[in-house]
Amino acid sequence: MKTPSYGSYDPIAALATPSGESALALLRLSGGGGKDLNDNKSGTAITLLSKLFSKPEKLLNAPGNSSVHGWIKEKELIDEVIVSVYRAPKSYTGEDAVDISCHGGTAVVKKIMAALKQAGFREALPGEFTFRAFMNGKLDLTRCESVMELVQAKSDKARGQAVRRLSGALEAEITAIKNLLIQTLAEAEIYLDYSEDEVSLPEASGEKEGLLPGRSRAEEALSRLRRLADSWRRERLYAEGALVVLAGRPNAGKSSLFNYLLKEDRSIVTNIPGTTRDWIEAALSLEGIPVRLADTAGLRETASVALGEVERIGIEKSRELVETADLVLYVIDGETGITKDDIDFIQAGRTDLRKAPRIVLWNKADLSPKPELPREGKALFPVSAKTGEGIGGLCRLIAETLEEAAGGNPAEAGDLKDSAGPGTERQKELIDAAIDSVEEALELAELDIIAPPLRDAVNCLGEITGEFTTADLLETMFSKFCVGK
Ligand SMILES: Nc1nc2c(ncn2[C@@H]2O[C@H](COP(=O)(O)OP(=O)(O)OP(=O)(O)O)[C@@H](O)[C@H]2O)c(=O)[nH]1
Ligand SMILES: [Mg+2]
């Protein structure tokens, strides 16, 4: 049997929903019919399925974007289904395509898939439906990648950014920047032609002699590219999330805050200092940012108390977690007040800029109000894990601090509100390469040598949207998608 490849027009089938017991499952079919999308002779997804359908004529005559009720059958009935019919080119893939909604049992899905194979379909490769959508001009590469981002989005913000890319926001911005560079290139070439004839450019161009004509356009392209690149860390924050670590002295209320933020009793809480020995991690979404929250063993100076082996290892682990955190929530026990250990920890975080940002919490504010300290600024944040006081504000502060650390100043975020930055490593690398090339072009004074770096930049931008691409790149990219997408 020949190995299936992405470039074929074979009729393909895949389960698009997770396999397991569920009310319904969705099977997707597409393709067949050869290179010409309207060629029905060799059997398209619709004609092939009709051989397994209880009402073949109804299916064959169904207009695009319509549904037909019936049964999938071989010699015997397999399942009662609804099939949605899409006709080329008005389908996701651009080919004739069908979605089958069947019952979601594993035995049902297995039997229908086997029957489809008998009828001439093969199992789709990962991302093959989206690959075909790209090849048939239905989606550019940024939209294709955003489809996978949407499937994988763990938070509302990640979803929002992916949807913006799916609606074409990144493609539009990349195309606009590319057009600025193409205009710059064209102007440089015209200028070269004119200067050979010793004719000066019209004054309206406003460019200084000897410098790159269209320099302001190239500069605008550069600043727009830099803005896209700057948004990358924020995009990663929304997609991958951050590690937030609760640290502080024993009994400060770390586990209580951990449970309050998670809205469940996950960590053991007692009034015995040193209760938490082994750290615990849990996932939650804070203001749309996926957060891994860690509760740790209380920090205390090893010299001041005789520590058992287990607690000593626990404290070591707490310190390690603090070092790898994206944000530390340092909890002060409001009942006992600020101690020397607390001051030492906070000072260390302030002086070492490599350390993750920290928010210092005054917990048990229900028992004793936050003290007014000189020069304290917004550094001491009052909360109560018992009454919930301050927790809403804390969630917002955590999100703001993480966004700030990821380079997202609110004004800039506002600028990108209707647009979107790069969503994948591939897009980010190409934007960086384009920035390097435009910077190089802007540094060159000689007009006859600026064209190559500008063309490089234009090519990088064309690669982002898929205007210029190679078969290898496409295969590597789509093979990371899931089957059925
Ligand atoms: N009144 C009041 N009591 C609290 C608050 N937060 C925690 N406590 C109490 O403080 C004690 C210690 O709480 P934990 O959450 O176990 O403290 P911890 O920081 O995890 O302690 P270790 O695991 O020992 O490091 C418990 O008796 C809690 O009920 C609060 O905001 N108000
Ligand atoms: Mg604890």
# chains A, B, ... in the order shown; residues from 1 in each chain; ligands from 1

$ residues_near_ligand --ligand "ligand 1" --cutoff "10 Å" --atoms "only C-alpha atoms and all ligand atoms" --output "ChimeraX atom specification"
/A:246-260,267-279,295-300,311,314-315,331-335,362-368,382-389

$ closest_residue --among "A:Asp265, A:Glu467, A:Glu323, A:Glu145" --to "ligand 2" --atoms "only C-alpha atoms and all ligand atoms"
A:Asp265

$ closest_atom_pairs --of "region 82-162 of chain A" --to "region 425-444 of chain A" --cutoff "12 Å" --atoms "only C-alpha atoms" --output "tab-separated table"
residue	atom	partner	partner_atom	distance
A:Leu141	CA	A:Gln427	CA	9.6
A:Thr142	CA	A:Gln427	CA	8.0
A:Arg143	CA	A:Gln427	CA	11.6
A:Glu145	CA	A:Gln427	CA	9.5
A:Ser146	CA	A:Gln427	CA	11.2
A:Glu149	CA	A:Glu425	CA	12.0

$ residues_around --residues "Glu95 (chain A)" --least-positions-apart "5" --cutoff "9 Å" --atoms "only C-alpha atoms" --output "PyMOL selection string"
chain A and resi 30-33+37-38+44-45+86-90+132-133+136

$ atom_distance --atom1 "CA of Leu166 (chain A)" --atom2 "CA of Thr470 (chain A)"
22.0 Å

$ closest_residue --among "A:Ala229, A:Ile289, A:Leu24, A:Leu185" --to "Arg215 (chain A)" --atoms "only C-alpha atoms"
A:Leu185

$ residues_around --residues "Phe134 (chain A)" --least-positions-apart "6" --cutoff "10 Å" --atoms "only C-alpha atoms" --output "short mmCIF file (atom, residue, chain, number, x, y, z; two decimals) with N, CA and C atoms, in the first residue's frame"
data_model
loop_
_atom_site.label_atom_id
_atom_site.label_comp_id
_atom_site.auth_asym_id
_atom_site.auth_seq_id
_atom_site.Cartn_x
_atom_site.Cartn_y
_atom_site.Cartn_z
N TYR A 92 -15.10 23.85 3.94
CA TYR A 92 -13.87 24.19 4.69
C TYR A 92 -12.64 23.88 3.86
N THR A 93 -12.63 22.70 3.22
CA THR A 93 -11.45 22.30 2.44
C THR A 93 -11.46 22.86 1.03
N GLY A 94 -12.62 23.32 0.57
CA GLY A 94 -12.74 23.74 -0.82
C GLY A 94 -13.14 22.58 -1.71
N GLU A 128 -4.90 17.33 7.81
CA GLU A 128 -5.03 17.24 6.35
C GLU A 128 -6.20 18.07 5.80
N ASP A 140 -5.20 31.41 4.56
CA ASP A 140 -3.75 31.63 4.48
C ASP A 140 -3.11 30.89 5.65
N LEU A 141 -1.76 30.87 5.71
CA LEU A 141 -1.11 30.07 6.76
C LEU A 141 -1.37 30.60 8.17
N ARG A 143 -4.08 31.87 9.28
CA ARG A 143 -5.41 31.38 9.70
C ARG A 143 -5.34 29.88 9.99
N CYS A 144 -4.60 29.12 9.15
CA CYS A 144 -4.46 27.68 9.40
C CYS A 144 -3.89 27.43 10.79
N GLY A 466 2.07 32.39 3.80
CA GLY A 466 2.04 31.20 2.96
C GLY A 466 2.07 31.51 1.47
N LEU A 474 5.37 22.92 4.77
CA LEU A 474 3.95 22.66 4.96
C LEU A 474 3.74 21.33 5.66
#

$ closest_residue --among "A:Asn459, A:Gln118, A:Ile280, A:Leu49" --to "ligand 2" --atoms "only C-alpha atoms and all ligand atoms"
A:Ile280

$ closest_residue --among "A:Cys460, A:Ala294, A:Ala188, A:Leu180" --to "ligand 2" --atoms "only C-alpha atoms and all ligand atoms"
A:Ala294

$ residues_around --residues "Gln161 (chain A)" --least-positions-apart "3" --cutoff "9 Å" --atoms "only C-alpha atoms" --output "ChimeraX atom specification"
/A:146,150,156-158,164-166,235,238,419-421,423

$ write_last_selection --atoms "N, CA and C atoms" --output "mmCIF file, in the first residue's frame"
data_model
loop_
_atom_site.group_PDB
_atom_site.id
_atom_site.type_symbol
_atom_site.label_atom_id
_atom_site.label_comp_id
_atom_site.auth_asym_id
_atom_site.auth_seq_id
_atom_site.Cartn_x
_atom_site.Cartn_y
_atom_site.Cartn_z
ATOM 1 N N SER A 146 -3.961 29.408 13.301
ATOM 2 C CA SER A 146 -4.868 29.845 14.362
ATOM 3 C C SER A 146 -5.954 28.801 14.628
ATOM 4 N N LEU A 150 -6.752 27.567 18.297
ATOM 5 C CA LEU A 150 -8.089 27.562 18.902
ATOM 6 C C LEU A 150 -8.395 26.218 19.533
ATOM 7 N N ASP A 156 -9.363 32.081 28.064
ATOM 8 C CA ASP A 156 -10.193 32.928 27.230
ATOM 9 C C ASP A 156 -9.347 33.904 26.412
ATOM 10 N N LYS A 157 -8.250 34.385 27.008
ATOM 11 C CA LYS A 157 -7.402 35.339 26.278
ATOM 12 C C LYS A 157 -6.740 34.657 25.086
ATOM 13 N N ALA A 158 -6.260 33.405 25.290
ATOM 14 C CA ALA A 158 -5.619 32.659 24.194
ATOM 15 C C ALA A 158 -6.643 32.442 23.081
ATOM 16 N N ARG A 164 -8.843 36.282 16.652
ATOM 17 C CA ARG A 164 -8.465 37.465 15.886
ATOM 18 C C ARG A 164 -7.610 37.061 14.687
ATOM 19 N N ARG A 165 -6.686 36.118 14.921
ATOM 20 C CA ARG A 165 -5.847 35.666 13.801
ATOM 21 C C ARG A 165 -6.693 34.909 12.780
ATOM 22 N N LEU A 166 -7.669 34.115 13.291
ATOM 23 C CA LEU A 166 -8.531 33.356 12.375
ATOM 24 C C LEU A 166 -9.370 34.300 11.514
ATOM 25 N N GLU A 235 1.604 37.070 24.057
ATOM 26 C CA GLU A 235 0.874 35.974 23.405
ATOM 27 C C GLU A 235 1.205 34.644 24.091
ATOM 28 N N TYR A 238 -0.581 34.251 27.391
ATOM 29 C CA TYR A 238 -1.976 33.838 27.252
ATOM 30 C C TYR A 238 -2.080 32.381 26.823
ATOM 31 N N SER A 419 -6.069 43.950 16.399
ATOM 32 C CA SER A 419 -5.134 43.205 15.574
ATOM 33 C C SER A 419 -4.604 42.063 16.435
ATOM 34 N N ALA A 420 -3.588 41.383 15.979
ATOM 35 C CA ALA A 420 -3.039 40.293 16.780
ATOM 36 C C ALA A 420 -1.597 40.111 16.403
ATOM 37 N N GLY A 421 -0.792 39.749 17.387
ATOM 38 C CA GLY A 421 0.620 39.491 17.149
ATOM 39 C C GLY A 421 0.808 38.083 16.627
ATOM 40 N N GLY A 423 1.318 34.170 16.605
ATOM 41 C CA GLY A 423 0.773 33.150 17.510
ATOM 42 C C GLY A 423 1.625 31.903 17.561
#

$ closest_residue --among "A:Lys75, A:Gly70, A:Val458, A:Ser216" --to "Glu57 (chain A)" --atoms "only C-alpha atoms"
A:Gly70

$ select_by_dssp --residues "region 350-466 of chain A" --states "helix (DSSP H, G or I)" --output "number ranges by chain"
A: 350-351, 391-405, 410-415, 425-443, 447-465

$ closest_residue --among "A:Thr336, A:Thr3, A:Thr175, A:Ser318" --to "ligand 2" --atoms "only C-alpha atoms and all ligand atoms"
A:Ser318

$ select_by_dssp --residues "region 69-132 of chain A" --states "strand (DSSP E)" --output "list of chain:residue names"
A:His69, A:Gly70, A:Trp71, A:Ile72, A:Lys73, A:Leu77, A:Ile78, A:Asp79, A:Glu80, A:Val81, A:Ile82, A:Val83, A:Ser84, A:Val85, A:Tyr86, A:Ala97, A:Val98, A:Asp99, A:Ile100, A:Ser101, A:Cys102, A:His103, A:Arg122, A:Glu123
